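Containing PDB, C-alpha atoms and all ligand atoms: input-v6.pdb.
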```pdb
MODEL        1
ATOM      1  CA  MET A 418       0.000   0.000   0.000
ATOM      2  CA  LYS A 419       1.451   3.360  -1.008
ATOM      3  CA  ILE A 420       0.904   5.987   1.703
ATOM      4  CA  ALA A 421       1.355   9.751   1.273
ATOM      5  CA  VAL A 422       1.901  12.087   4.204
ATOM      6  CA  MET A 423       0.253  15.473   4.039
ATOM      7  CA  THR A 424       0.155  18.363   6.479
ATOM      8  CA  ASP A 425      -0.674  22.048   6.439
ATOM      9  CA  SER A 426       1.758  24.936   6.275
ATOM     10  CA  THR A 427       1.634  25.610  10.040
ATOM     11  CA  SER A 428       3.849  22.588  10.758
ATOM     12  CA  TYR A 429       6.804  24.766   9.633
ATOM     13  CA  ILE A 430       8.981  21.744   8.850
ATOM     14  CA  PRO A 431      12.429  22.637   7.454
ATOM     15  CA  GLU A 432      12.355  22.653   3.643
ATOM     16  CA  LYS A 433      15.112  20.025   3.402
ATOM     17  CA  LEU A 434      13.053  17.496   5.367
ATOM     18  CA  ILE A 435       9.907  18.276   3.346
ATOM     19  CA  GLU A 436      11.826  17.423   0.199
ATOM     20  CA  HIS A 437      13.594  14.422   1.691
ATOM     21  CA  TYR A 438      10.361  12.757   2.843
ATOM     22  CA  GLN A 439       8.223  14.117  -0.016
ATOM     23  CA  ILE A 440       5.724  15.632   2.400
ATOM     24  CA  HIS A 441       2.671  17.236   0.813
ATOM     25  CA  ILE A 442       1.514  20.598   2.132
ATOM     26  CA  VAL A 443      -1.775  22.498   1.957
ATOM     27  CA  PRO A 444      -1.241  26.158   2.809
ATOM     28  CA  LEU A 445      -3.233  28.349   5.175
ATOM     29  CA  SER A 446      -3.284  32.047   4.334
ATOM     30  CA  VAL A 447      -2.730  35.420   5.928
ATOM     31  CA  VAL A 448      -5.003  38.203   4.792
ATOM     32  CA  PHE A 449      -4.007  41.892   4.795
ATOM     33  CA  GLY A 450      -7.104  43.918   3.864
ATOM     34  CA  ASP A 451      -8.241  42.496   0.502
ATOM     35  CA  GLU A 452      -5.004  40.673  -0.206
ATOM     36  CA  SER A 453      -4.619  37.019   0.658
ATOM     37  CA  TYR A 454      -1.213  35.315   0.791
ATOM     38  CA  ARG A 455      -0.694  31.526   1.031
ATOM     39  CA  GLU A 456       2.075  31.073   3.556
ATOM     40  CA  GLY A 457       5.235  29.533   2.220
ATOM     41  CA  MET A 458       4.014  30.159  -1.366
ATOM     42  CA  ASP A 459       3.088  33.839  -1.745
ATOM     43  CA  ILE A 460       4.842  35.195   1.336
ATOM     44  CA  THR A 461       7.922  34.183   3.302
ATOM     45  CA  THR A 462       8.162  34.445   7.068
ATOM     46  CA  ASP A 463      10.598  37.392   6.856
ATOM     47  CA  GLU A 464       8.360  39.227   4.384
ATOM     48  CA  PHE A 465       5.384  38.644   6.671
ATOM     49  CA  TYR A 466       6.970  40.159   9.806
ATOM     50  CA  GLN A 467       8.164  43.117   7.742
ATOM     51  CA  LYS A 468       4.700  43.620   6.233
ATOM     52  CA  VAL A 469       3.059  43.554   9.674
ATOM     53  CA  LYS A 470       5.313  46.471  10.714
ATOM     54  CA  GLU A 471       4.246  48.502   7.660
ATOM     55  CA  ALA A 472       0.553  47.525   7.503
ATOM     56  CA  LYS A 473      -2.162  49.870   8.758
ATOM     57  CA  GLU A 474      -4.377  46.982   9.827
ATOM     58  CA  LEU A 475      -3.365  43.764  11.516
ATOM     59  CA  PRO A 476      -3.690  40.666   9.326
ATOM     60  CA  LYS A 477      -6.218  37.853   9.696
ATOM     61  CA  THR A 478      -5.811  34.184   8.808
ATOM     62  CA  SER A 479      -7.833  31.667   6.850
ATOM     63  CA  GLN A 480      -7.853  27.901   6.510
ATOM     64  CA  PRO A 481      -7.389  26.225   3.112
ATOM     65  CA  SER A 482     -10.577  26.007   1.047
ATOM     66  CA  ILE A 483     -12.260  22.640   0.498
ATOM     67  CA  GLY A 484     -11.662  23.173  -3.225
ATOM     68  CA  MET A 485      -7.913  23.529  -2.718
ATOM     69  CA  ILE A 486      -7.833  20.405  -0.540
ATOM     70  CA  THR A 487      -9.909  18.244  -2.914
ATOM     71  CA  GLU A 488      -7.627  19.300  -5.756
ATOM     72  CA  LYS A 489      -4.579  18.198  -3.761
ATOM     73  CA  LEU A 490      -6.205  14.889  -2.754
ATOM     74  CA  THR A 491      -7.265  14.190  -6.356
ATOM     75  CA  GLU A 492      -3.651  14.718  -7.409
ATOM     76  CA  LEU A 493      -2.412  12.357  -4.674
ATOM     77  CA  ALA A 494      -4.993   9.701  -5.670
ATOM     78  CA  GLU A 495      -3.080   9.230  -8.926
ATOM     79  CA  ASP A 496       0.006   7.931  -7.105
ATOM     80  CA  TYR A 497      -1.102   6.780  -3.639
ATOM     81  CA  ASP A 498      -3.656   4.433  -2.036
ATOM     82  CA  ALA A 499      -3.921   6.368   1.244
ATOM     83  CA  VAL A 500      -2.924   9.674   2.807
ATOM     84  CA  ILE A 501      -2.308  10.457   6.463
ATOM     85  CA  SER A 502      -3.000  14.152   6.820
ATOM     86  CA  ILE A 503      -1.770  15.800  10.028
ATOM     87  CA  HIS A 504      -3.091  19.230  11.029
ATOM     88  CA  LEU A 505      -3.094  22.008  13.548
ATOM     89  CA  SER A 506      -5.469  21.612  16.451
ATOM     90  CA  SER A 507      -9.141  21.460  15.529
ATOM     91  CA  GLY A 508      -9.745  23.668  18.575
ATOM     92  CA  ILE A 509      -8.060  26.636  16.837
ATOM     93  CA  SER A 510      -8.714  26.023  13.123
ATOM     94  CA  GLY A 511     -11.206  24.254  10.864
ATOM     95  CA  THR A 512      -8.418  22.853   8.662
ATOM     96  CA  CYS A 513      -8.539  19.252   9.957
ATOM     97  CA  GLN A 514     -12.324  19.165   9.562
ATOM     98  CA  ALA A 515     -12.024  20.599   6.051
ATOM     99  CA  VAL A 516      -9.604  17.788   5.117
ATOM    100  CA  ALA A 517     -12.027  15.211   6.556
ATOM    101  CA  SER A 518     -14.883  16.663   4.473
ATOM    102  CA  ALA A 519     -12.760  16.871   1.326
ATOM    103  CA  GLY A 520     -11.679  13.249   1.895
ATOM    104  CA  GLU A 521     -15.293  12.154   1.604
ATOM    105  CA  MET A 522     -15.599  13.846  -1.781
ATOM    106  CA  VAL A 523     -12.524  12.337  -3.446
ATOM    107  CA  ASP A 524     -12.500   8.773  -4.799
ATOM    108  CA  GLY A 525      -9.523   6.487  -5.187
ATOM    109  CA  ILE A 526      -7.638   7.402  -2.014
ATOM    110  CA  GLU A 527      -8.300   6.631   1.654
ATOM    111  CA  VAL A 528      -7.903   9.804   3.731
ATOM    112  CA  TYR A 529      -6.851   9.614   7.394
ATOM    113  CA  PRO A 530      -7.093  13.119   8.946
ATOM    114  CA  TYR A 531      -5.084  13.411  12.164
ATOM    115  CA  ASP A 532      -5.608  16.198  14.710
ATOM    116  CA  SER A 533      -2.230  17.102  16.250
ATOM    117  CA  GLU A 534      -4.081  19.010  19.002
ATOM    118  CA  LEU A 535      -1.357  21.670  18.820
ATOM    119  CA  SER A 536       0.566  23.235  15.943
ATOM    120  CA  CYS A 537       3.989  24.295  14.611
ATOM    121  CA  MET A 538       6.953  21.975  15.030
ATOM    122  CA  GLY A 539       4.993  19.787  17.491
ATOM    123  CA  GLN A 540       2.697  19.015  14.575
ATOM    124  CA  GLY A 541       5.847  18.733  12.455
ATOM    125  CA  PHE A 542       7.215  16.009  14.745
ATOM    126  CA  TYR A 543       4.105  13.886  14.101
ATOM    127  CA  VAL A 544       4.518  14.472  10.372
ATOM    128  CA  LEU A 545       8.171  13.387  10.372
ATOM    129  CA  GLU A 546       7.381  10.239  12.370
ATOM    130  CA  ALA A 547       4.532   9.383   9.981
ATOM    131  CA  ALA A 548       6.759  10.039   6.971
ATOM    132  CA  GLU A 549       9.493   7.724   8.270
ATOM    133  CA  LEU A 550       7.017   4.959   9.066
ATOM    134  CA  SER A 551       5.217   5.296   5.741
ATOM    135  CA  GLN A 552       8.455   4.268   4.053
ATOM    136  CA  THR A 553       8.707   1.046   6.062
ATOM    137  CA  GLY A 554       5.529  -0.558   4.766
ATOM    138  CA  LYS A 555       3.463   0.024   7.935
ATOM    139  CA  SER A 556      -0.321   0.287   7.568
ATOM    140  CA  PRO A 557      -2.054   3.666   8.096
ATOM    141  CA  GLU A 558      -3.689   2.279  11.244
ATOM    142  CA  SER A 559      -0.374   1.290  12.811
ATOM    143  CA  ILE A 560       1.172   4.660  11.912
ATOM    144  CA  ILE A 561      -1.734   6.405  13.621
ATOM    145  CA  GLU A 562      -1.300   4.169  16.672
ATOM    146  CA  ARG A 563       2.314   5.342  16.874
ATOM    147  CA  LEU A 564       1.201   8.998  16.597
ATOM    148  CA  ASP A 565      -1.267   8.422  19.429
ATOM    149  CA  ARG A 566       1.546   6.992  21.578
ATOM    150  CA  ILE A 567       3.733  10.027  20.838
ATOM    151  CA  LYS A 568       0.824  12.254  21.877
ATOM    152  CA  GLN A 569       1.116  10.963  25.430
ATOM    153  CA  SER A 570       4.550  12.527  25.901
ATOM    154  CA  MET A 571       4.154  15.557  23.597
ATOM    155  CA  ARG A 572       4.433  18.884  25.479
ATOM    156  CA  ALA A 573       4.133  22.431  24.151
ATOM    157  CA  TYR A 574       4.531  25.601  26.227
ATOM    158  CA  PHE A 575       4.855  29.077  24.841
ATOM    159  CA  MET A 576       4.561  32.753  25.700
ATOM    160  CA  ALA A 577       3.576  35.823  23.717
ATOM    161  CA  ASP A 578       4.928  39.329  24.291
ATOM    162  CA  ASP A 579       1.484  40.775  23.612
ATOM    163  CA  LEU A 580      -1.526  38.582  24.348
ATOM    164  CA  ASN A 581      -3.858  40.984  22.538
ATOM    165  CA  HIS A 582      -3.169  39.174  19.244
ATOM    166  CA  LEU A 583      -4.483  35.880  20.603
ATOM    167  CA  GLN A 584      -7.344  37.576  22.348
ATOM    168  CA  ARG A 585      -8.349  39.539  19.230
ATOM    169  CA  GLY A 586      -8.275  36.409  17.049
ATOM    170  CA  GLY A 587     -10.463  34.575  19.562
ATOM    171  CA  ARG A 588      -7.865  31.854  20.186
ATOM    172  CA  LEU A 589      -7.285  32.418  23.890
ATOM    173  CA  ASN A 590      -9.530  30.493  26.212
ATOM    174  CA  GLY A 591     -10.013  30.461  29.956
ATOM    175  CA  ALA A 592     -12.344  32.409  32.212
ATOM    176  CA  GLN A 593     -12.813  35.883  30.769
ATOM    177  CA  ALA A 594     -11.791  37.642  33.998
ATOM    178  CA  ILE A 595      -8.552  35.676  34.178
ATOM    179  CA  VAL A 596      -7.838  36.422  30.541
ATOM    180  CA  GLY A 597      -8.414  40.147  31.100
ATOM    181  CA  SER A 598      -5.955  40.275  33.972
ATOM    182  CA  LEU A 599      -3.451  38.272  31.929
ATOM    183  CA  LEU A 600      -3.157  40.899  29.233
ATOM    184  CA  GLN A 601      -0.738  42.897  31.398
ATOM    185  CA  VAL A 602       1.603  39.978  32.157
ATOM    186  CA  LYS A 603       3.494  37.198  30.335
ATOM    187  CA  PRO A 604       1.642  33.997  31.099
ATOM    188  CA  VAL A 605       2.916  30.651  29.941
ATOM    189  CA  LEU A 606       0.329  29.126  27.589
ATOM    190  CA  HIS A 607      -0.382  25.560  26.546
ATOM    191  CA  PHE A 608      -3.059  23.400  24.923
ATOM    192  CA  VAL A 609      -5.781  21.675  26.890
ATOM    193  CA  ASP A 610      -8.492  19.778  25.012
ATOM    194  CA  LYS A 611      -7.201  21.229  21.725
ATOM    195  CA  GLN A 612      -7.552  24.845  22.875
ATOM    196  CA  ILE A 613      -5.043  27.427  24.086
ATOM    197  CA  VAL A 614      -5.350  28.216  27.769
ATOM    198  CA  PRO A 615      -3.114  29.983  30.288
ATOM    199  CA  PHE A 616      -0.898  27.502  32.125
ATOM    200  CA  GLU A 617       0.494  29.868  34.713
ATOM    201  CA  LYS A 618       0.343  33.599  35.309
ATOM    202  CA  ILE A 619       3.900  34.915  35.258
ATOM    203  CA  ARG A 620       4.995  38.554  35.457
ATOM    204  CA  THR A 621       8.068  38.794  33.297
ATOM    205  CA  ARG A 622       9.320  37.343  30.044
ATOM    206  CA  LYS A 623      12.482  36.041  31.710
ATOM    207  CA  LYS A 624      10.547  34.183  34.397
ATOM    208  CA  ALA A 625       8.143  32.739  31.823
ATOM    209  CA  LEU A 626      11.045  31.381  29.768
ATOM    210  CA  ASN A 627      12.691  29.974  32.907
ATOM    211  CA  ARG A 628       9.443  28.235  33.778
ATOM    212  CA  ILE A 629       9.237  26.614  30.327
ATOM    213  CA  MET A 630      12.885  25.529  30.568
ATOM    214  CA  GLY A 631      12.284  24.141  34.051
ATOM    215  CA  MET A 632       9.502  21.887  32.753
ATOM    216  CA  LEU A 633      11.634  20.741  29.844
ATOM    217  CA  GLU A 634      14.547  19.951  32.172
ATOM    218  CA  ALA A 635      12.266  18.049  34.536
ATOM    219  CA  ASP A 636      11.246  15.785  31.644
ATOM    220  CA  ALA A 637      14.854  15.469  30.473
ATOM    221  CA  ASN A 638      15.834  14.378  33.984
ATOM    222  CA  GLN A 639      13.498  11.365  33.643
ATOM    223  CA  GLY A 640      16.261   9.861  31.500
ATOM    224  CA  LYS A 641      14.238   9.483  28.281
ATOM    225  CA  ALA A 642      15.659  10.604  24.931
ATOM    226  CA  LEU A 643      13.762  13.759  24.022
ATOM    227  CA  LYS A 644      13.264  15.437  20.693
ATOM    228  CA  VAL A 645      12.952  19.187  21.286
ATOM    229  CA  ALA A 646      12.200  22.258  19.160
ATOM    230  CA  PHE A 647      12.758  25.806  20.413
ATOM    231  CA  ILE A 648      10.415  28.077  18.484
ATOM    232  CA  HIS A 649      10.456  31.834  17.920
ATOM    233  CA  ALA A 650       8.435  34.543  16.184
ATOM    234  CA  ASN A 651      11.111  36.580  14.405
ATOM    235  CA  ASN A 652      13.447  36.411  17.401
ATOM    236  CA  GLU A 653      15.874  33.647  16.507
ATOM    237  CA  LEU A 654      18.408  34.785  19.077
ATOM    238  CA  ALA A 655      16.006  34.041  21.928
ATOM    239  CA  ALA A 656      15.461  30.494  20.643
ATOM    240  CA  ILE A 657      19.197  29.949  20.108
ATOM    241  CA  GLU A 658      19.912  31.046  23.680
ATOM    242  CA  LEU A 659      17.420  28.524  25.048
ATOM    243  CA  LYS A 660      18.769  25.768  22.828
ATOM    244  CA  ASP A 661      22.386  26.499  23.793
ATOM    245  CA  GLN A 662      21.474  26.542  27.464
ATOM    246  CA  PHE A 663      19.689  23.179  27.174
ATOM    247  CA  ASP A 664      22.342  21.573  24.926
ATOM    248  CA  ALA A 665      25.072  22.498  27.430
ATOM    249  CA  ASP A 666      23.303  20.564  30.213
ATOM    250  CA  TYR A 667      21.808  17.765  28.088
ATOM    251  CA  PRO A 668      24.250  17.196  25.223
ATOM    252  CA  ASN A 669      22.659  13.902  24.134
ATOM    253  CA  MET A 670      19.196  15.208  23.390
ATOM    254  CA  ASP A 671      18.000  15.867  19.838
ATOM    255  CA  THR A 672      17.290  19.617  19.606
ATOM    256  CA  MET A 673      16.470  22.069  16.847
ATOM    257  CA  ILE A 674      15.362  25.648  16.223
ATOM    258  CA  SER A 675      12.025  26.299  14.555
ATOM    259  CA  TYR A 676       9.821  29.327  13.958
ATOM    260  CA  PHE A 677       6.281  30.671  14.154
ATOM    261  CA  GLY A 678       5.489  31.443  10.519
ATOM    262  CA  PRO A 679       2.930  33.947   9.156
ATOM    263  CA  VAL A 680      -0.320  32.229  10.197
ATOM    264  CA  ILE A 681       0.702  31.406  13.752
ATOM    265  CA  GLY A 682       2.690  34.669  13.979
ATOM    266  CA  THR A 683      -0.553  36.556  13.233
ATOM    267  CA  HIS A 684      -2.068  35.132  16.409
ATOM    268  CA  LEU A 685       1.001  35.183  18.691
ATOM    269  CA  GLY A 686       2.670  38.402  17.543
ATOM    270  CA  GLU A 687       6.368  39.055  17.038
ATOM    271  CA  GLY A 688       8.649  38.027  19.900
ATOM    272  CA  ALA A 689       6.685  34.948  20.989
ATOM    273  CA  VAL A 690       8.843  32.023  22.078
ATOM    274  CA  GLY A 691       8.031  28.431  22.924
ATOM    275  CA  ALA A 692       9.308  24.893  23.196
ATOM    276  CA  VAL A 693       7.791  21.575  22.159
ATOM    277  CA  TRP A 694       9.171  18.158  22.983
ATOM    278  CA  TYR A 695       8.339  14.469  23.147
ATOM    279  CA  ALA A 696      10.026  11.259  24.193
ATOM    280  CA  LYS A 697      11.370   9.347  21.177
TER
HETATM  281  C1  LIG B 701      -7.051  29.634  10.823
HETATM  282  O1  LIG B 701      -7.381  30.766  10.442
HETATM  283  O2  LIG B 701      -7.744  28.632  10.591
HETATM  284  C2  LIG B 701      -5.747  29.483  11.589
HETATM  285  C3  LIG B 701      -5.846  29.863  13.016
HETATM  286  C4  LIG B 701      -4.534  29.687  13.747
HETATM  287  C5  LIG B 701      -4.601  30.055  15.220
HETATM  288  C6  LIG B 701      -3.240  30.009  15.868
HETATM  289  C7  LIG B 701      -3.255  30.285  17.355
HETATM  290  C8  LIG B 701      -1.875  30.207  17.989
HETATM  291  C9  LIG B 701      -1.298  28.824  18.041
HETATM  292  C10 LIG B 701      -0.023  28.716  18.845
HETATM  293  C11 LIG B 701       0.610  27.375  18.666
HETATM  294  C12 LIG B 701       1.842  27.178  19.474
HETATM  295  C13 LIG B 701       2.391  25.778  19.335
HETATM  296  C14 LIG B 701       3.669  25.571  20.062
ENDMDL
END
```

Would you mind writing the file out in structure tokens?
Ligand code: MYR
Amino acid sequence: MKIAVMTDSTSYIPEKLIEHYQIHIVPLSVVFGDESYREGMDITTDEFYQKVKEAKELPKTSQPSIGMITEKLTELAEDYDAVISIHLSSGISGTCQAVASAGEMVDGIEVYPYDSELSCMGQGFYVLEAAELSQTGKSPESIIERLDRIKQSMRAYFMADDLNHLQRGGRLNGAQAIVGSLLQVKPVLHFVDKQIVPFEKIRTRKKALNRIMGMLEADANQGKALKVAFIHANNELAAIELKDQFDADYPNMDTMISYFGPVIGTHLGEGAVGAVWYAK
């Protein structure tokens, strides 16, 4: 059985790995006024952060259209029997649901939509695992079982310099009063039941980053081999500092730098930083 692996653009997987594993991508878009840009196709991450600085209005985002997804699936049906399609959390975007609906409309290929329940390189880690396994002759069901096992150890914590972006886009959950009081501070955020909620109210950026690192180190101290991504929104230096700090203490862990691209950057704002990890 020939299995394709598809994801959406918010997995922000390094280009080299996308090519190496022949991963198929459906793009989400950022919209400035009347102009829509498919991320990774019509706009790069650098161009996006520059454009935000110059734009009069803040951008919005949109999921891929069903038409775009059915087109992609029809293309894949020519070469593959099945596709595992891994997406950003269904609690923050309708993309995964759109892929499920499109899958019902396309003949000749079995579509397995998979909700990563987070986004960015955490989603990317699922994609890379699925891509490796798809080359070893495993069935779609057994690949999905492996993804479900990974989910048990997957952690994602992040902080935004300005929570107003998340609040404005309607992607910050939690009791309204708590959210209101959070806008002045730098809370650590995470996903619960597919949605973004405050994890802990923290006053300063430095303390929030220390808290995230503390949780990562606690997991690393359990002795399991972790795969870790340090993620930044146009602030690579901050991510490099965290990575260097962690690598110095845990030289045998598998770490990388990743980024919040245009769509996620729209909702987190420039300067956001986070870390995702799971036990290999
Ligand atoms: C859409 O318009 O469908 C896309 C909405 C994307 C919302 C993004 C909210 C922020 C996600 C942060 C993920 C951090 C993972 C480490």

Identify all residues satisfying the PyMOL selection byres (((chain A and resi 647-651) around 7) and not hetatm) in the given file; provide them as an NGL selection string. :A and (645-646 or 652-653 or 656 or 660 or 673-677 or 682 or 687-693)

Please expand the PyMOL selection byres (((not hetatm)) within 8 of (chain B and resi 701)) into the concrete residues it hits in this file, giving the result as a PyMOL selection string. chain A and resi 445-447+477-481+505+509-512+535-539+573-575+583+586+588-589+607+613+648+677+680-685+691-693

Run through the PyMOL selection byres (((chain A and resi 565) around 12) and not hetatm) on the given coordinates and return the selected residues as a VMD selection string. chain A and resid 503 531 to 534 543 546 to 547 558 to 564 566 to 571 695

Just to confirm, what's the straight-line distance from atom CA of Arg620 of chain A to atom CA of Lys603 of chain A in Å (one decimal)? 5.5 Å

Among listed residues A:Ala665, A:Ile460, A:Ala637, A:Ile442, nearest Ala696 of chain A (using only C-alpha atoms): A:Ala637

Using all atoms listed in the file, which residues sit within 8 Å of Phe449 of chain A once same-chain residues fewer than 2 positions away are excluded, as a PyMOL selection string? chain A and resi 447+451-453+472+474-477

Given the choices A:Val528, A:Ala515, A:Leu643, A:Ile657, which gets closest to Met670 of chain A if the distance is worked out from all atoms listed in the file?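 That would be A:Leu643, the residue with the smallest distance to Met670 of chain A.
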
Report as AutoDock Vina command-line options the centre and the edge lengths, in Å to one decimal, of the axis-aligned box holding every listed atom of segment 502-509 of chain A, padded by 8 Å on each side.
```
--center_x -5.8 --center_y 20.4 --center_z 12.7 --size_x 24.0 --size_y 28.5 --size_z 27.8
```

Please report the interatomic distance between atom CA of Leu626 of chain A and atom CA of Glu658 of chain A in Å with one decimal.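 Distance between the two atoms: 10.8 Å.
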
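Distances here use only C-alpha atoms; by that measure, the residue among A:Lys697, A:Lys419, A:Lys644, A:Arg455 closest to Ser551 of chain A is A:Lys419.
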
Any idea what's packed within 10 Å of Ile483 of chain A, counting all atoms listed in the file, ignoring anything in its chain fewer than 4 positions away? Could you give it as a ChimeraX atom specification? /A:487-489,512,514-520,522

Within 7 Å of Ile440 of chain A, counting all atoms listed in the file, which residues show up once you throw out same-chain ones fewer than 3 positions away? Write them as a ChimeraX atom specification, please. /A:422-423,435-436

Can I get the selection written as a CSV table (one decimal), in the frame of the given file, with C-alpha atoms?
```csv
chain,number,residue,atom,x,y,z
A,422,VAL,CA,1.9,12.1,4.2
A,423,MET,CA,0.3,15.5,4.0
A,435,ILE,CA,9.9,18.3,3.3
A,436,GLU,CA,11.8,17.4,0.2
```

With all atoms listed in the file as the basis for distance, which of A:Val443, A:Ala494, A:Val469, A:Leu434 is at the shortest distance from Ile420 of chain A?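 Checking each candidate against Ile420 of chain A, we get A:Ala494 as the closest.
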
Just checking: using only C-alpha atoms, which residue out of A:Gly457, A:Pro615, A:Pro557, A:Gly484 ends up closest to Ile501 of chain A?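 The answer is A:Pro557, which sits nearest to Ile501 of chain A.
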
By how many Å are atom CA of Leu659 of chain A and atom CA of Gly587 of chain A apart?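 Here the two named atoms are 29.1 Å from each other.
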